[in-house]
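**Student:** Please find one structure pasted underneath; my questions will follow.
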There are 2 protein chains.
Amino acid sequence: MIEKSSAELYNDYRLQMNKIADVRYASAVLQWDQETYLPQKGAAIRGQQIATLSEIAHRFFTDDTLGGAMQGILNKNDLPFRENRNVELTWEDYTKQKKFTSAFVRELSETVSKSYHSWMEARKANDFSLFAADLSKLIELKRKEADLLGYTDHPYNALLNDHDKGSTVALLDGVFKNMRASLKDIVQQIVGRPQVRDSFLFQYYPRDKQWEFGLRLIKELGYDLEAGRQDISEHPFTTNFNSNDVRITTRIHENDLSSMVWSCIHELGHALYEQGLPEDQYGLPAGEPASYSIHESQSRLWENHIGRSQSFCERYLPVLQEYFPDQLKNISVEDFYKGINKVQPSPIRTEADEVTYHFHVMIRYELEKKLIEGSLETLDIPGYWNEQYSNYLGIKIADDKQGCLQDVHWSHGSFGYFPTYSMGSFYAAQLFFEAAKAIPALESEIRKGNTEPLLKWLKTNIYRHGRTLTSEELCESVCGKPLDIHYFLKHILAKYKNIYNF
Amino acid sequence: MIEKSSAELYNDYRLQMNKIADVRYASAVLQWDQETYLPQKGAAIRGQQIATLSEIAHRFFTDDTLGGAMQGILNKNDLPFRENRNVELTWEDYTKQKKFTSAFVRELSETVSKSYHSWMEARKANDFSLFAADLSKLIELKRKEADLLGYTDHPYNALLNDHDKGSTVALLDGVFKNMRASLKDIVQQIVGRPQVRDSFLFQYYPRDKQWEFGLRLIKELGYDLEAGRQDISEHPFTTNFNSNDVRITTRIHENDLSSMVWSCIHELGHALYEQGLPEDQYGLPAGEPASYSIHESQSRLWENHIGRSQSFCERYLPVLQEYFPDQLKNISVEDFYKGINKVQPSPIRTEADEVTYHFHVMIRYELEKKLIEGSLETLDIPGYWNEQYSNYLGIKIADDKQGCLQDVHWSHGSFGYFPTYSMGSFYAAQLFFEAAKAIPALESEIRKGNTEPLLKWLKTNIYRHGRTLTSEELCESVCGKPLDIHYFLKHILAKYKNIYNF
């Protein structure tokens, strides 16, 4: 028998990876449908259908033939950089996945589907206890997952590493400690100053008009609606089935304009990243996002550094005034800019301002750490949650819907995800600093509604790498140094000193 | 090793069939999405994703373990009737599927996806030639399929049998011959009489109002919207992902009320059948429809025997007048009844009346027969089509969109499907005759908007059997005799004698 060349083995590898991608993306379509259009009674069997696809994808991915092809390639070590990197990264994932049995993958997937629905029910009834049993089961499975994956120092490290390679409890404890001290100080300065006015955002904004504006906005900012779509769901999210089918969802509150606008821009940032990934690398690491943190850096960059900027307000207040002439007739650009950047401790993470947001994340991070290490019981979550919100944000949580039932993540089995929200913001500030340096006319272009130069910069510097670089490698490649939280803190200080005049 | 009991083997069989159903229904979700919400650029890879799922389902279904379990059960022959019937029917499908290689299944699935898009393009450009190459490829694959399946007398028999077990060219030639003579005579009688007025249906009916009415209508007729939904697509269809998630689509023409209303009722008939199938038989023959012909009998029963009846008009004209007061203010129930039952040869099958409809089907049947036996070339389809429409319906076809590009079926690889439309209508007439006999108050209940008694009758007599009976066995079980086209011909004659007064 003639031994296969690396190129032939790579072709075998690529075909199998494409098939796995087909199954995984099919599952993603089923999940998208589940959160947008699925009729109520269809939910029970949908969970089973998704579980079957997960199991198939897992079986295909842990197939020894795939492993053999990869080993052959890695031994020969004669492929070009990107191909070789694809195989190296897949090999890492492969050895990880080999640690899970099909039965474990299926159990996890089924529990996730069940949990999603009990979370929905619990939210509807505003009663955490309805979610507690499924959540306990999920936590137990995640602890088992950490054990199977293996870890040093802390079981949570295994889950953190899964969302952002190299992330650890030690690292995050340090970052959050650093952040806590500085942000606490800034919040205190702000609280001492007269509050800005934002009541104009909370008038009646009809659903249809909001929907129209949202669509126009994401299109103008660069979203390709022939390679994506927007729908309504309980909790906004981005999903993709290849780089030519990247979908976002939003939600509309008729008495709050801001909820829709900045959730659209946030999801847009995720979607632009997915639409910009190399199309010919379908199903391969080079066609995937670098990490959850870098993904979040993209949504935060658009949401905060573009969407909450002075230039954005100059561009879009007049447009909003066309859609909502009565509601916004007496609002100046300055009023608008200050209003949309109001800082005030509040219970809902997704509607939090750019400053207090990170306390929401920190509380979840601490909580997950305790749940995974087993020092906190599921039933004690609401109590712990409410206590921390009182400690860090000085607010009283009215009920579970305003508290520990607000996020979908745990019901999806996502533990280790929340910290990437803060890390994403910190990366965003540093990356945006570089972009602004590279594009001197950035602000004036945004003022004209032209995001082309920024998109081009992001494509060249970030999107095109796919997952061939880790978060830290990407940061080094763009900025010439690793993550430095001071870019974020400087951005916050300068911006809010100006707004609150302290 | 202890030999497994039939009950244990049946459990193995059931679990594997459930998994196959999960994959097939996942594929159905992807197809539904493809025809409703898929962004344009996402189409290319979607075809590949569906093909991968088809291949997996095929591989699971032709697995020797499944075959072994079935053989064990069939040898022992000690299970209750329904379980045994499930296994017998699956065994038939299994031996059929074993004749196809995975490569063949994949090629067919990929060609279907490609063809669907070239059909869409061809329709847009109103140019059959853009569809011809993919269609030729599909026909070639369907001929190969017939060869693999095996047949007696005519290769088309293999495909007919796939849509309606026992159906043959000889049988259909006979039925259509019978039909042709009688219907031709009735059409001639009608053409000799003054035409009824239906122009009131072709005024401006705003999209939103039509959509609202359509939803209300299907709900009132018995569709469970918690176990289904309605969306918009190019060509109306029904699909299901289990009996608790049965979806229909419709289309709306703003200058034609009838297109939306009777397509809704038609798809509703399909959907009620799917919603009424035994829920606990998920993935098994007893949970599936009897045949395409019986499926169509359900849609025709609702569309023609309910939706185009005097009682329906009495009930729904006043409701329509609430939605469209200006358009329908001077229309009486008699005007409405006559207008919606107007008979006039026309080019579009889905908008044809109850009488001339069957010439549309017959032309397609004759055409498919020729394509499959190889006596007609793909490029000759438009010419043949237009000639037959001139022969049988006396009309000139303006262009391909009004002609041979109007139906989605061939682009889906469905050959042998069209005849079931006529057979469905013939079964519908006979089944409805039995229902009316069993429910003396049927008409007055419909007049009150109450479809409960009819639905109950359908559940008891038709839905609950799933696929445990063939079309003919079901007909015998309900009517005490096989299909007799005279029920249909009598229904048509009585109805149109009254309307056209001949």
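In the structure tokens, chains take letters A, B, ... by order of appearance, with residues numbered from 1 within each chain and ligands from 1 in the order shown.
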Please report, as a tab-separated table, each residue of chain A lying at most 8 Å from chain B, together with the nearest pair of atoms and the separation in Å rounded to one decimal; use only C-alpha atoms, and order rows by chain and ascending residue number.
**Tutor:**
residue	atom	partner	partner_atom	distance
A:Lys19	CA	B:Thr52	CA	6.4
A:Asp22	CA	B:Gln49	CA	4.6
A:Val23	CA	B:Gln49	CA	7.0
A:Tyr25	CA	B:Gln49	CA	7.9
A:Ala26	CA	B:Gln49	CA	6.8
A:Ser27	CA	B:Ala26	CA	7.7
A:Val29	CA	B:Leu30	CA	6.9
A:Leu30	CA	B:Val29	CA	6.9
A:Leu38	CA	B:Asp245	CA	7.7
A:Pro39	CA	B:Glu226	CA	5.3
A:Gln40	CA	B:Glu226	CA	5.3
A:Lys41	CA	B:Ala227	CA	5.1
A:Gly42	CA	B:Asp245	CA	4.8
A:Ile45	CA	B:Asn242	CA	7.5
A:Gln48	CA	B:Asp22	CA	7.3
A:Gln49	CA	B:Asp22	CA	4.6
A:Ile50	CA	B:Asp22	CA	7.9
A:Thr52	CA	B:Lys19	CA	6.4
A:Leu53	CA	B:Val23	CA	7.0
A:Leu225	CA	B:Pro39	CA	7.2
A:Glu226	CA	B:Pro39	CA	5.3
A:Ala227	CA	B:Lys41	CA	5.1
A:Gly228	CA	B:Pro39	CA	5.5
A:Arg229	CA	B:Pro39	CA	6.6
A:Asn242	CA	B:Gly42	CA	7.4
A:Asn244	CA	B:Gly42	CA	5.0
A:Asp245	CA	B:Gly42	CA	4.8
**Student:** Would you list the contacts of A:Asp353 as a compact mmCIF listing (two decimals) with N, CA and C atoms, in the first residue's frame, taking every protein, DNA or RNA residue within 10 Å and counting only C-alpha atoms, but skipping same-chain residues closer than 5 positions in sequence?
**Tutor:**
# COMPACT_ATOMS: atom_id res chain seq x y z
N ASN A 304 -19.72 50.10 21.99
CA ASN A 304 -19.26 51.19 22.84
C ASN A 304 -18.39 52.22 22.13
N ILE A 340 -27.37 58.66 26.41
CA ILE A 340 -27.11 57.24 26.08
C ILE A 340 -25.89 56.71 26.83
N ASN A 341 -25.15 57.61 27.47
CA ASN A 341 -23.98 57.18 28.23
C ASN A 341 -24.17 57.35 29.74
N LYS A 342 -25.41 57.53 30.14
CA LYS A 342 -25.70 57.68 31.57
C LYS A 342 -25.16 56.48 32.36
N VAL A 343 -24.49 56.79 33.46
CA VAL A 343 -24.00 55.72 34.33
C VAL A 343 -24.88 55.65 35.56
N GLN A 344 -25.43 54.50 35.80
CA GLN A 344 -26.26 54.31 37.00
C GLN A 344 -26.38 52.82 37.29
N PRO A 345 -25.99 52.43 38.48
CA PRO A 345 -26.14 51.01 38.85
C PRO A 345 -27.57 50.54 38.62
N SER A 346 -27.72 49.38 37.98
CA SER A 346 -29.05 48.86 37.65
C SER A 346 -28.99 47.33 37.63
N ILE A 348 -30.08 44.90 35.39
CA ILE A 348 -29.99 44.06 34.19
C ILE A 348 -28.66 44.27 33.45
N HIS A 358 -19.18 45.93 34.28
CA HIS A 358 -18.17 44.95 34.66
C HIS A 358 -18.35 44.40 36.08
**Student:** List as JSON, numbers by chain the protein and nucleic acid residues near stretch 312-325 of chain B, meaning an atom at most 12 Å away when only C-alpha atoms are counted, but skip any in the same chain fewer than 3 places from it.
**Tutor:** {"B": [200, 201, 203, 204, 205, 206, 207, 208, 209, 210, 211, 212, 213, 214, 216, 217, 218, 220, 221, 257, 258, 261, 262, 265, 302, 303, 304, 305, 306, 307, 308, 309, 328, 329, 330, 331, 332, 333, 334, 335, 336, 337, 338, 339, 340, 341, 442, 443, 444, 445, 446, 447, 448, 449, 450, 451]}
**Student:** Hey, what's within 8 Å of stretch 385-392 of chain B if we count only C-alpha atoms and toss same-chain stuff fewer than 2 positions away? As a ChimeraX atom specification, please?
**Tutor:** /B:347,359-360,363,367,381-383,394-397,403-404
**Student:** Just to confirm, what's the straight-line distance from atom CA of A:Glu3 to atom CA of A:Lys99 in Å (one decimal)?
**Tutor:**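 Distance reported for this atom pair: 29.0 Å.
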**Student:** Can you pull out every residue within 12 Å of B:Glu234, counting only C-alpha atoms, but drop anything in the same chain fewer than 6 positions away, and send it as a list in words?
**Tutor:**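 So the residues in contact are Trp32, Gln34, Glu35, Thr36, Tyr37, Tyr116, Trp119, Met120, Arg123, Lys124, Thr249, Thr250, Arg251, Ile252, His253, Gln406, Asp407 and Val408 of chain B.
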